[in-house]
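To be precise, the following lines are protein-v9.cif, and they hold mmCIF, C-alpha atoms.
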```cif
data_coords
loop_
_atom_site.label_atom_id
_atom_site.label_comp_id
_atom_site.auth_asym_id
_atom_site.auth_seq_id
_atom_site.Cartn_x
_atom_site.Cartn_y
_atom_site.Cartn_z
CA MET R 1132 9.28 -5.78 -3.70
CA GLN R 1133 8.45 -9.03 -5.41
CA ASP R 1134 10.20 -10.12 -8.58
CA ALA R 1135 6.97 -9.98 -10.57
CA ARG R 1136 6.52 -6.30 -9.78
CA ARG R 1137 10.16 -5.56 -10.61
CA LEU R 1138 9.84 -7.30 -13.98
CA GLU R 1139 6.62 -5.43 -14.66
CA LEU R 1140 8.31 -2.08 -13.99
CA GLU R 1141 11.33 -3.04 -16.09
CA GLU R 1142 9.02 -3.97 -18.94
CA MET R 1143 7.24 -0.60 -18.65
CA ILE R 1144 10.53 1.30 -18.71
CA ALA R 1145 11.71 -0.71 -21.73
CA ARG R 1146 8.51 0.21 -23.57
CA ILE R 1147 8.81 3.86 -22.52
CA ALA R 1148 12.30 3.82 -24.06
CA LEU R 1149 10.55 2.95 -27.33
CA GLY R 1150 8.21 5.92 -26.91
CA ASP R 1151 5.15 4.03 -25.64
CA ARG R 1152 2.88 6.59 -23.98
CA ASP R 1153 0.48 4.01 -22.53
CA SER R 1154 3.34 2.38 -20.64
CA PHE R 1155 4.44 5.80 -19.44
CA GLU R 1156 0.96 6.44 -18.05
CA ALA R 1157 0.91 2.99 -16.47
CA LEU R 1158 4.28 3.65 -14.83
CA TYR R 1159 3.01 6.99 -13.57
CA ASP R 1160 -0.09 5.37 -12.07
CA ALA R 1161 1.95 2.63 -10.44
CA THR R 1162 4.73 4.77 -8.97
CA SER R 1163 3.78 8.46 -8.73
CA ALA R 1164 2.32 8.30 -5.20
CA LYS R 1165 5.61 6.88 -3.91
CA LEU R 1166 7.78 9.37 -5.82
CA HIS R 1167 5.49 12.20 -4.71
CA ALA R 1168 6.05 11.08 -1.12
CA VAL R 1169 9.82 11.25 -1.72
CA CYS R 1170 9.55 14.80 -3.11
CA LEU R 1171 7.30 15.84 -0.20
CA SER R 1172 9.63 14.33 2.36
CA VAL R 1173 12.53 16.42 1.04
CA LEU R 1174 10.68 19.63 0.17
CA LYS R 1175 7.89 19.69 2.79
CA ASP R 1176 5.90 21.92 0.49
CA ARG R 1177 2.98 20.59 -1.50
CA PRO R 1178 3.07 22.83 -4.61
CA GLU R 1179 6.87 22.47 -4.95
CA ALA R 1180 6.65 18.69 -4.55
CA GLU R 1181 3.96 18.55 -7.23
CA GLU R 1182 6.08 20.66 -9.61
CA THR R 1183 9.14 18.50 -8.90
CA LEU R 1184 7.13 15.33 -9.49
CA GLN R 1185 6.31 16.61 -12.98
CA GLU R 1186 9.99 17.29 -13.69
CA VAL R 1187 10.85 13.81 -12.42
CA TYR R 1188 8.47 12.07 -14.84
CA ILE R 1189 9.67 14.22 -17.73
CA LYS R 1190 13.19 13.10 -16.88
CA ILE R 1191 12.04 9.47 -16.71
CA TRP R 1192 10.49 9.79 -20.17
CA GLN R 1193 13.67 11.34 -21.54
CA ASN R 1194 16.15 8.97 -19.86
CA ALA R 1195 14.30 5.65 -20.18
CA THR R 1196 16.57 4.56 -23.03
CA ARG R 1197 19.54 4.71 -20.67
CA TYR R 1198 17.89 2.68 -17.92
CA ALA R 1199 18.64 -0.82 -19.21
CA SER R 1200 22.39 -0.37 -18.89
CA ASN R 1201 22.67 1.30 -15.50
CA GLY R 1202 22.39 -1.79 -13.30
CA LEU R 1203 19.93 -0.30 -10.79
CA SER R 1204 16.63 -1.93 -9.90
CA PRO R 1205 13.69 0.00 -11.37
CA MET R 1206 12.33 1.36 -8.06
CA THR R 1207 15.81 2.47 -6.99
CA TRP R 1208 16.34 4.23 -10.32
CA LEU R 1209 12.98 6.03 -10.03
CA ILE R 1210 13.47 6.93 -6.35
CA THR R 1211 17.01 8.18 -7.02
CA ILE R 1212 15.82 10.47 -9.81
CA ALA R 1213 13.02 11.84 -7.57
CA ARG R 1214 15.28 12.31 -4.56
CA ASN R 1215 18.03 14.04 -6.56
CA ARG R 1216 15.59 16.35 -8.31
CA ALA R 1217 13.92 17.28 -4.99
CA ILE R 1218 17.27 17.92 -3.33
CA ASP R 1219 18.42 20.09 -6.25
CA ARG R 1220 15.36 22.19 -5.68
CA LEU R 1221 15.78 22.23 -1.90
CA ARG R 1222 19.36 23.46 -2.22
CA ALA R 1223 18.45 26.03 -4.86
CA ARG R 1224 16.11 27.50 -2.23
CA SER R 1225 18.85 28.36 0.26
CA SER R 1226 21.50 30.93 -0.54
CA ARG R 1227 24.21 28.63 0.77
CA PRO R 1228 26.16 27.15 -2.13
CA ALA R 1229 26.04 23.38 -2.01
CA THR R 1230 26.79 20.64 -4.44
CA ALA R 1231 23.79 18.82 -5.79
CA PRO R 1232 23.74 15.04 -5.56
CA THR R 1233 25.08 13.46 -8.66
CA ASP R 1234 22.78 11.83 -11.17
CA ALA R 1235 25.82 10.30 -12.82
CA ALA R 1236 25.41 6.93 -11.12
CA ALA R 1237 21.82 6.73 -12.33
CA VAL R 1238 22.95 6.98 -15.96
CA LEU R 1239 26.40 5.42 -15.87
CA PRO R 1240 26.60 2.02 -17.59
CA SER R 1241 27.59 -0.66 -15.11
CA GLY R 1242 28.82 -3.17 -17.66
CA GLU R 1243 27.86 -6.12 -15.49
CA PRO R 1244 24.25 -6.41 -14.39
CA SER R 1245 24.31 -8.97 -11.60
CA PRO R 1246 21.58 -11.62 -11.57
CA GLU R 1247 21.74 -11.88 -7.77
CA ALA R 1248 21.46 -8.12 -7.30
CA ALA R 1249 17.67 -8.14 -6.96
CA THR R 1250 17.69 -10.84 -4.30
CA ILE R 1251 20.46 -9.14 -2.36
CA ARG R 1252 18.62 -5.83 -2.50
CA ALA R 1253 15.37 -7.41 -1.30
CA GLN R 1254 17.20 -8.92 1.69
CA GLU R 1255 18.92 -5.64 2.51
CA TRP R 1256 15.60 -3.76 2.39
CA GLU R 1257 14.11 -6.27 4.81
CA MET R 1258 17.04 -5.84 7.19
CA LEU R 1259 17.11 -2.05 7.00
CA ASP R 1260 14.63 -1.33 9.80
CA GLU R 1261 16.16 -3.82 12.16
CA CYS R 1262 19.66 -2.51 11.45
CA LEU R 1263 18.63 1.12 11.90
CA ALA R 1264 17.15 0.14 15.24
CA GLN R 1265 20.57 -1.16 16.26
CA LEU R 1266 22.11 2.28 15.77
CA ALA R 1267 21.71 4.92 18.47
CA ASP R 1268 18.50 6.92 17.92
CA GLN R 1269 20.46 10.03 17.11
CA GLN R 1270 22.52 8.22 14.47
CA ALA R 1271 19.58 6.44 12.86
CA GLY R 1272 17.73 9.76 12.83
CA ALA R 1273 20.66 11.43 11.09
CA VAL R 1274 20.85 8.71 8.40
CA ARG R 1275 17.11 9.07 7.76
CA ALA R 1276 17.28 12.88 7.72
CA VAL R 1277 20.19 12.91 5.29
CA TYR R 1278 18.48 10.53 2.87
CA LEU R 1279 14.82 11.48 3.25
CA GLU R 1280 15.11 15.21 3.97
CA GLY R 1281 18.31 16.15 2.15
CA VAL R 1282 20.01 17.33 5.34
CA THR R 1283 23.69 18.30 4.80
CA TYR R 1284 26.73 17.97 7.07
CA ALA R 1285 26.47 21.70 7.79
CA ASP R 1286 22.81 21.25 8.84
CA LEU R 1287 23.72 18.31 11.06
CA ALA R 1288 26.57 20.23 12.68
CA GLU R 1289 24.22 23.11 13.43
CA ARG R 1290 21.57 20.76 14.80
CA GLU R 1291 23.99 18.91 17.07
CA GLY R 1292 26.08 21.96 18.01
CA LYS R 1293 29.25 20.12 16.95
CA PRO R 1294 31.94 20.82 14.35
CA VAL R 1295 31.28 19.57 10.80
CA ASN R 1296 34.23 17.16 10.96
CA THR R 1297 32.86 15.53 14.08
CA VAL R 1298 29.38 14.93 12.67
CA ARG R 1299 30.91 13.75 9.39
CA SER R 1300 33.02 11.22 11.22
CA TRP R 1301 30.11 9.75 13.19
CA LEU R 1302 27.73 9.73 10.22
CA ARG R 1303 30.33 7.84 8.17
CA ARG R 1304 30.67 5.29 10.96
CA SER R 1305 26.89 5.00 11.26
CA LEU R 1306 26.63 4.33 7.53
CA LEU R 1307 29.37 1.69 7.65
CA ARG R 1308 27.72 0.02 10.62
CA LEU R 1309 24.41 0.01 8.77
CA LYS R 1310 26.06 -1.56 5.72
CA ASP R 1311 27.78 -4.23 7.84
CA CYS R 1312 24.46 -5.05 9.43
CA VAL R 1313 22.31 -5.27 6.27
CA THR R 1314 24.92 -7.23 4.30
CA ARG R 1315 25.57 -9.68 7.11
CA MET S 1479 34.87 -0.43 15.13
CA THR S 1480 35.17 2.18 17.85
CA GLU S 1481 34.83 5.92 17.46
CA ASP S 1482 38.54 6.67 17.49
CA THR S 1483 40.13 3.98 15.30
CA PRO S 1484 40.78 5.44 11.85
CA LEU S 1485 38.86 3.94 8.92
CA THR S 1486 40.64 1.29 6.86
CA PRO S 1487 41.13 2.17 3.16
CA ASP S 1488 38.18 -0.12 2.25
CA GLU S 1489 35.96 1.52 4.84
CA HIS S 1490 37.05 4.92 3.62
CA ASP S 1491 36.09 4.01 0.03
CA SER S 1492 32.72 2.65 1.09
CA ALA S 1493 31.99 5.75 3.19
CA LEU S 1494 33.00 7.97 0.27
CA ALA S 1495 30.70 6.02 -2.07
CA ALA S 1496 27.86 6.47 0.46
CA GLU S 1497 28.53 10.21 0.69
CA LEU S 1498 28.51 10.52 -3.09
CA ALA S 1499 25.24 8.57 -3.32
CA LEU S 1500 23.76 10.79 -0.61
CA GLY S 1501 24.96 14.06 -2.17
CA LEU S 1502 26.92 14.98 0.96
CA LEU S 1503 30.18 15.86 -0.79
CA GLU S 1504 30.94 19.41 -1.82
CA GLY S 1505 33.36 21.24 -4.09
CA PRO S 1506 36.59 19.54 -5.18
CA GLU S 1507 35.85 16.44 -3.12
CA ALA S 1508 32.58 15.93 -4.99
CA GLU S 1509 34.31 16.46 -8.33
CA ALA S 1510 37.09 14.01 -7.49
CA ALA S 1511 34.63 11.33 -6.38
CA THR S 1512 32.48 11.82 -9.49
CA THR S 1513 35.53 11.49 -11.73
CA ARG S 1514 36.62 8.41 -9.87
CA MET S 1515 33.25 6.82 -10.52
CA THR S 1516 33.78 7.09 -14.29
CA GLU S 1517 37.24 5.50 -14.05
CA ASP S 1518 36.90 2.96 -11.25
CA ALA S 1519 34.19 0.37 -11.96
CA GLY S 1520 34.44 -1.10 -8.47
CA PHE S 1521 33.85 2.29 -6.88
CA ALA S 1522 30.93 3.00 -9.26
CA GLN S 1523 29.40 -0.31 -8.19
CA GLN S 1524 29.75 0.68 -4.53
CA VAL S 1525 27.90 3.94 -5.23
CA ARG S 1526 25.09 1.98 -6.90
CA ASP S 1527 25.01 -0.51 -4.00
CA TRP S 1528 24.50 2.43 -1.65
CA GLN S 1529 21.74 3.80 -3.83
CA GLU S 1530 19.99 0.42 -3.74
CA ARG S 1531 20.43 0.06 0.01
CA LEU S 1532 19.26 3.57 0.88
CA ALA S 1533 16.29 3.46 -1.50
CA GLY S 1534 14.83 1.06 1.08
CA LEU S 1535 14.30 4.12 3.30
CA ALA S 1536 12.12 5.71 0.63
CA MET S 1537 10.19 2.45 0.19
CA GLN S 1538 8.99 2.88 3.78
CA LEU S 1539 7.43 6.29 3.09
CA THR S 1540 3.65 6.38 3.01
CA PRO S 1541 2.53 7.02 -0.59
CA VAL S 1542 0.91 10.40 -1.18
CA MET S 1543 -1.23 10.71 -4.26
CA ALA S 1544 -0.55 13.76 -6.43
CA PRO S 1545 -3.52 15.70 -7.78
CA ALA S 1546 -4.67 14.74 -11.28
CA ARG S 1547 -3.46 18.07 -12.64
CA ALA S 1548 0.15 16.90 -12.12
CA LYS S 1549 -0.35 14.08 -14.62
CA GLN S 1550 -2.03 16.44 -17.03
CA GLY S 1551 0.86 18.91 -16.61
CA ILE S 1552 3.34 16.20 -17.60
CA ARG S 1553 1.28 15.25 -20.67
CA GLU S 1554 1.14 18.86 -21.75
CA ARG S 1555 4.84 19.46 -21.26
CA LEU S 1556 5.67 16.35 -23.25
CA GLY S 1557 3.27 17.46 -25.96
CA PHE S 1558 0.90 14.53 -25.54
CA GLY S 1559 -2.05 16.90 -25.34
CA MET S 1560 -4.70 14.57 -24.00
CA ALA S 1561 -8.02 15.52 -22.48
CA PRO S 1562 -7.73 16.72 -18.90
CA LEU S 1563 -8.55 14.21 -16.18
CA ALA S 1564 -10.00 16.78 -13.88
CA GLU S 1565 -11.68 20.09 -14.09
CA ASP S 1566 -9.32 23.00 -13.66
CA PRO S 1567 -10.41 24.74 -10.46
CA THR S 1568 -9.54 28.15 -11.93
CA GLU S 1569 -12.01 27.69 -14.75
CA THR S 1570 -15.57 28.84 -14.52
CA ARG S 1571 -18.33 26.32 -14.12
CA PRO S 1572 -18.62 24.14 -17.22
CA TRP S 1573 -21.84 24.47 -19.16
CA TRP S 1574 -23.17 21.02 -18.25
CA ARG S 1575 -23.25 21.97 -14.58
CA GLY S 1576 -25.37 25.04 -15.27
CA PRO S 1577 -29.11 25.16 -15.87
CA ILE S 1578 -28.69 24.51 -19.59
CA GLY S 1579 -26.67 21.43 -18.74
CA ALA S 1580 -29.42 20.15 -16.47
CA LEU S 1581 -31.88 20.56 -19.29
CA ALA S 1582 -29.51 18.85 -21.74
CA GLY S 1583 -29.13 16.06 -19.19
CA LEU S 1584 -32.89 15.55 -19.07
CA VAL S 1585 -33.01 15.42 -22.85
CA ALA S 1586 -30.18 12.89 -22.85
CA VAL S 1587 -31.96 10.74 -20.27
CA ALA S 1588 -35.10 10.89 -22.35
CA ALA S 1589 -33.15 9.92 -25.45
CA VAL S 1590 -31.60 6.92 -23.71
CA ALA S 1591 -34.98 5.90 -22.32
CA ALA S 1592 -36.50 6.12 -25.77
CA PHE S 1593 -33.63 4.14 -27.21
CA LEU S 1594 -34.04 1.37 -24.63
CA TRP S 1595 -37.73 1.23 -25.45
CA LEU S 1596 -37.03 0.37 -29.04
CA PRO S 1597 -37.71 -3.35 -29.52
CA GLY S 1598 -35.02 -5.72 -30.64
CA ASN S 1599 -32.15 -3.86 -29.04
CA ALA S 1600 -29.90 -5.63 -26.58
CA PRO S 1601 -29.73 -3.68 -23.34
CA ILE S 1602 -26.77 -1.42 -23.41
CA THR S 1603 -24.72 -0.93 -20.27
CA PRO S 1604 -22.35 1.96 -20.59
CA THR S 1605 -18.94 0.80 -19.36
CA GLY S 1606 -17.97 2.22 -16.03
CA ALA S 1607 -21.45 3.51 -15.29
CA GLN S 1608 -21.78 1.42 -12.14
CA PRO S 1609 -19.35 2.27 -9.36
CA ASP S 1610 -18.08 -0.64 -7.26
CA TYR S 1611 -17.65 1.21 -3.97
CA GLN S 1612 -18.77 4.49 -2.54
CA ALA S 1613 -18.46 6.70 0.51
CA GLN S 1614 -20.81 9.53 1.31
CA LEU S 1615 -19.01 12.10 3.42
CA GLN S 1616 -20.82 14.72 5.43
CA SER S 1617 -19.63 17.21 8.01
CA GLU S 1618 -21.19 17.16 11.46
CA ALA S 1619 -22.99 20.45 10.84
CA GLY S 1620 -24.19 19.09 7.51
CA ASP S 1621 -22.84 22.06 5.57
CA LEU S 1622 -20.34 19.98 3.59
CA ARG S 1623 -21.19 16.98 1.45
CA VAL S 1624 -18.71 15.05 -0.68
CA ALA S 1625 -19.37 11.82 -2.53
CA ALA S 1626 -16.54 9.43 -3.35
CA ARG S 1627 -17.17 6.69 -5.90
CA LEU S 1628 -14.81 3.98 -7.03
CA ASP S 1629 -15.12 2.38 -10.40
CA GLY S 1630 -12.35 -0.18 -10.76
CA ARG S 1631 -9.29 1.79 -9.73
CA GLU S 1632 -10.72 5.13 -10.76
CA MET S 1633 -12.04 7.34 -8.02
CA GLU S 1634 -14.43 10.17 -8.57
CA ILE S 1635 -14.71 12.86 -5.93
CA ASP S 1636 -17.78 15.00 -6.17
CA LEU S 1637 -18.16 18.17 -4.10
CA GLN S 1638 -21.93 18.35 -3.65
CA ASP S 1639 -22.28 21.03 -1.03
CA GLY S 1640 -20.02 23.41 0.90
CA ALA S 1641 -16.36 24.25 0.28
CA ALA S 1642 -12.99 24.56 2.00
CA GLY S 1643 -12.31 27.82 3.85
CA GLU S 1644 -10.41 30.72 2.33
CA GLY S 1645 -6.79 29.66 1.72
CA ARG S 1646 -7.58 26.08 2.80
CA ASP S 1647 -8.07 22.77 1.02
CA LEU S 1648 -9.88 19.59 1.96
CA GLU S 1649 -7.58 16.60 1.74
CA ILE S 1650 -8.87 13.08 1.14
CA TRP S 1651 -7.41 10.21 3.17
CA TRP S 1652 -7.56 6.47 2.71
CA ILE S 1653 -7.65 4.74 6.09
CA LYS S 1654 -6.95 1.02 6.23
CA PRO S 1655 -8.55 -1.08 8.99
CA ASP S 1656 -5.09 -2.27 10.15
CA GLY S 1657 -4.41 0.99 11.98
CA SER S 1658 -1.60 2.08 9.63
CA ALA S 1659 -1.09 5.78 8.87
CA PRO S 1660 -3.77 7.34 6.64
CA ILE S 1661 -2.69 7.73 3.02
CA SER S 1662 -3.44 10.92 1.16
CA ILE S 1663 -5.19 10.29 -2.12
CA GLY S 1664 -5.61 13.90 -3.17
CA LEU S 1665 -7.62 17.04 -2.65
CA VAL S 1666 -11.33 17.70 -2.96
CA PRO S 1667 -11.85 19.89 -6.06
CA ARG S 1668 -12.81 23.52 -5.34
CA SER S 1669 -16.00 22.89 -7.29
CA GLY S 1670 -17.63 20.05 -9.14
CA ASN S 1671 -15.83 16.74 -9.44
CA ALA S 1672 -12.41 15.28 -10.07
CA ARG S 1673 -11.22 11.86 -11.13
CA MET S 1674 -8.09 10.17 -9.97
CA GLU S 1675 -6.40 6.80 -10.24
CA LEU S 1676 -5.77 4.89 -7.00
CA PRO S 1677 -2.07 4.27 -6.26
CA ALA S 1678 -1.00 0.73 -7.11
CA ASP S 1679 -0.69 -0.43 -3.51
CA LEU S 1680 -4.19 0.59 -2.40
CA ASP S 1681 -6.97 -1.92 -2.90
CA PRO S 1682 -10.60 -1.16 -2.17
CA THR S 1683 -12.09 -3.57 0.36
CA GLU S 1684 -14.73 -3.48 3.07
CA GLY S 1685 -13.41 -1.85 6.23
CA ILE S 1686 -11.62 1.03 4.49
CA LYS S 1687 -12.63 4.48 5.68
CA ILE S 1688 -12.38 7.69 3.70
CA ALA S 1689 -11.80 10.89 5.67
CA LEU S 1690 -11.51 14.57 4.85
CA THR S 1691 -9.27 16.92 6.79
CA ASP S 1692 -8.94 20.68 6.72
CA GLU S 1693 -5.44 21.52 5.45
CA PRO S 1694 -3.49 24.53 4.17
CA ALA S 1695 -4.03 25.35 0.46
CA GLY S 1696 -2.41 22.65 -1.65
CA GLY S 1697 -2.79 20.05 1.09
CA SER S 1698 -0.81 18.97 4.11
CA PRO S 1699 2.79 20.14 3.73
CA THR S 1700 4.10 16.99 5.42
CA GLY S 1701 2.09 14.21 3.81
CA GLN S 1702 0.50 13.45 7.20
CA ALA S 1703 -2.82 14.98 8.18
CA THR S 1704 -2.25 18.22 10.09
CA GLY S 1705 -5.77 19.61 10.33
CA PRO S 1706 -8.95 18.40 12.01
CA ILE S 1707 -11.06 15.66 10.47
CA VAL S 1708 -14.05 17.31 8.86
CA ALA S 1709 -15.86 14.17 7.78
CA VAL S 1710 -15.29 10.43 7.76
CA ALA S 1711 -17.26 7.56 6.22
CA ASP S 1712 -16.96 3.86 5.43
CA LEU S 1713 -16.20 2.76 1.93
CA THR S 1714 -19.14 0.51 1.10
CA ARG S 1715 -19.54 -1.98 -1.70
CA LEU S 1716 -22.46 -1.42 -4.01
#
```
Could you express the structure from this file as structure tokens?
Amino acid sequence: MQDARRLELEEMIARIALGDRDSFEALYDATSAKLHAVCLSVLKDRPEAEETLQEVYIKIWQNATRYASNGLSPMTWLITIARNRAIDRLRARSSRPATAPTDAAAVLPSGEPSPEAATIRAQEWEMLDECLAQLADQQAGAVRAVYLEGVTYADLAEREGKPVNTVRSWLRRSLLRLKDCVTR
Amino acid sequence: MTEDTPLTPDEHDSALAAELALGLLEGPEAEAATTRMTEDAGFAQQVRDWQERLAGLAMQLTPVMAPARAKQGIRERLGFGMAPLAEDPTETRPWWRGPIGALAGLVAVAAVAAFLWLPGNAPITPTGAQPDYQAQLQSEAGDLRVAARLDGREMEIDLQDGAAGEGRDLEIWWIKPDGSAPISIGLVPRSGNARMELPADLDPTEGIKIALTDEPAGGSPTGQATGPIVAVADLTRL
């Protein structure tokens, strides 16, 4: 994402924090199709994704004042809220007790917003595809499924027919390998 | 790094931060990691770095437009109370679509015509009256007709004839000439017309096609077309 677009989104969120409804509508128009895709990817159910999308934007309206201090880029902040909300709903569906992803990082002040962060992130996003391709298909698929579909370790273990500890160990290594690759 | 060497403490921390960002931790482990994030700034930064990195996966998802009623639902819940963007499909036909409406429309046209006849008036062009692009969609059997019109970034979808089957919806797709995956831009209203805003990364140009597919009620559950294409047409500039 170009810097101009990032600044535009940051400006919108800053105005929303001041209660500007027009900016809120503009942010919705600019980002809702992407956040809806995130909700759909996790929930795989159109009406539930639509309902979740509404909750996500209500949360954005309510939490915009806390955005400036959290150190995340605007798209990451928005995507994280949408993903977490969708996963909360996904896990509420099943009877299995599971811990919801934490929103804490999305609201926790970072203290030191880094000026290079945006550039680093842009580079990492560009590398992501290439680096995923360097993992074995099964591992890349697992990373995608965990992030984009809210798959848990228990789900992965069931899918692979392996103990939870085994899948946890290889997912952790896949994630570290991915990080090494994108930050290279 | 081979499969059997244990993780170094740094690798362990980074993996833990990733798991927290992903929501993979459960019970006491999740609590401990969350607490650590509030106390250990370096660890909190690692969690955020993972959030940034992984958000790139979501950036690759094909955007799927939500129906206009979602935006209206948000406005209502936040107490903004603005006029609806689209007709509620559960409502009965609004009066202006009925016979009285047609009559009122004729009167309105006559009034405008009379007004334009008055000398000394500069011609008045109502803003947004002229669409920029349009697509006229028709099923092969001719029993379904849908008009799509684009005025700036606002798209109007008008169901002129026919309807989706029982328990089904017609989904509207934006197909770029570059062969990329079709992007859902919403559902055809059950009756009448609906207006929607184009997502920010879609730009109307020549070569775009608009297609309708037959999908389960509420639209494709996956965000990709699952049903047969019912109609397809070029988006043409006017």
Find the nearest atom pair between each residue of stretch 1147-1183 of chain R and stretch 1659-1683 of chain S for residues within 7 Å, count all atoms listed in the file, give distances in Å to one decimal, sort rows by chain and ascending number, and present the table as a Markdown table.
```
| residue | atom | partner | partner_atom | distance |
| --- | --- | --- | --- | --- |
| R:Asp1160 | CA | S:Pro1677 | CA | 6.2 |
| R:Ala1161 | CA | S:Ala1678 | CA | 4.8 |
| R:Ala1164 | CA | S:Pro1677 | CA | 6.1 |
```
Prev. selection, C-alpha atoms, output as an mmCIF file, keeping the file's coordinate frame:
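Listed below is the output, part36.cif:
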```
data_model
loop_
_atom_site.group_PDB
_atom_site.id
_atom_site.type_symbol
_atom_site.label_atom_id
_atom_site.label_comp_id
_atom_site.auth_asym_id
_atom_site.auth_seq_id
_atom_site.Cartn_x
_atom_site.Cartn_y
_atom_site.Cartn_z
ATOM 1 C CA ASP R 1160 -0.090 5.370 -12.070
ATOM 2 C CA ALA R 1161 1.950 2.630 -10.440
ATOM 3 C CA ALA R 1164 2.320 8.300 -5.200
#
```
Practice task
Taking the file above as input, evaluate the PyMOL selection byres ((chain R) within 7 of (chain S)) and report the hits as number ranges by chain.
Solution key: R: 1160-1161, 1164-1165, 1167-1169, 1171-1172, 1175-1178, 1181, 1185, 1189, 1203, 1207, 1210, 1229-1233, 1236, 1252, 1255-1256, 1278-1279, 1283-1284, 1303, 1307
Practice task
Name every residue that the PyMOL selection byres ((chain S and resi 1690) around 10) selects in this structure, writing the answer as JSON, numbers by chain with chains first and numbers rising.
Solution key: {"S": [1615, 1616, 1617, 1624, 1647, 1648, 1649, 1650, 1651, 1652, 1662, 1664, 1665, 1666, 1688, 1689, 1691, 1692, 1693, 1703, 1705, 1706, 1707, 1708, 1709, 1710, 1711]}
Exercise for the section: Spell out the residues picked by the PyMOL selection byres ((chain R and resi 1217) around 10) here, as a ChimeraX atom specification. Expected result: /R:1167,1169-1174,1179-1180,1182-1184,1186-1187,1211-1216,1218-1223,1280-1281
Exercise for the section: Pick out the closest residue to R:Gln1254 from this set: R:Val1295, R:Leu1209, R:Ala1199, R:Cys1312. Count only C-alpha atoms. Expected result: R:Cys1312
Exercise for the section: Using all atoms listed in the file, find all polymer residues with an atom at most 12 Å away from the point (23.8, 5.6, 10.0); report them as a ChimeraX atom specification. Expected result: /R:1259-1260,1262-1278,1298-1313 /S:1493,1496-1497,1500,1531-1532,1535
Exercise for the section: Within 12 Å of R:Asp1153, counting only C-alpha atoms, which residues show up once you throw out same-chain ones fewer than 2 positions away? Write them as a ChimeraX atom specification, please. Expected result: /R:1143-1144,1146-1151,1155-1160,1192 /S:1553,1558,1560
Handout entry: Interatomic distance (Å, one decimal) between atom CA of S:Gln1612 and atom CA of S:Asp1639
Key =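 Value for the atom CA of S:Gln1612-atom CA of S:Asp1639 distance: 17.0 Å.
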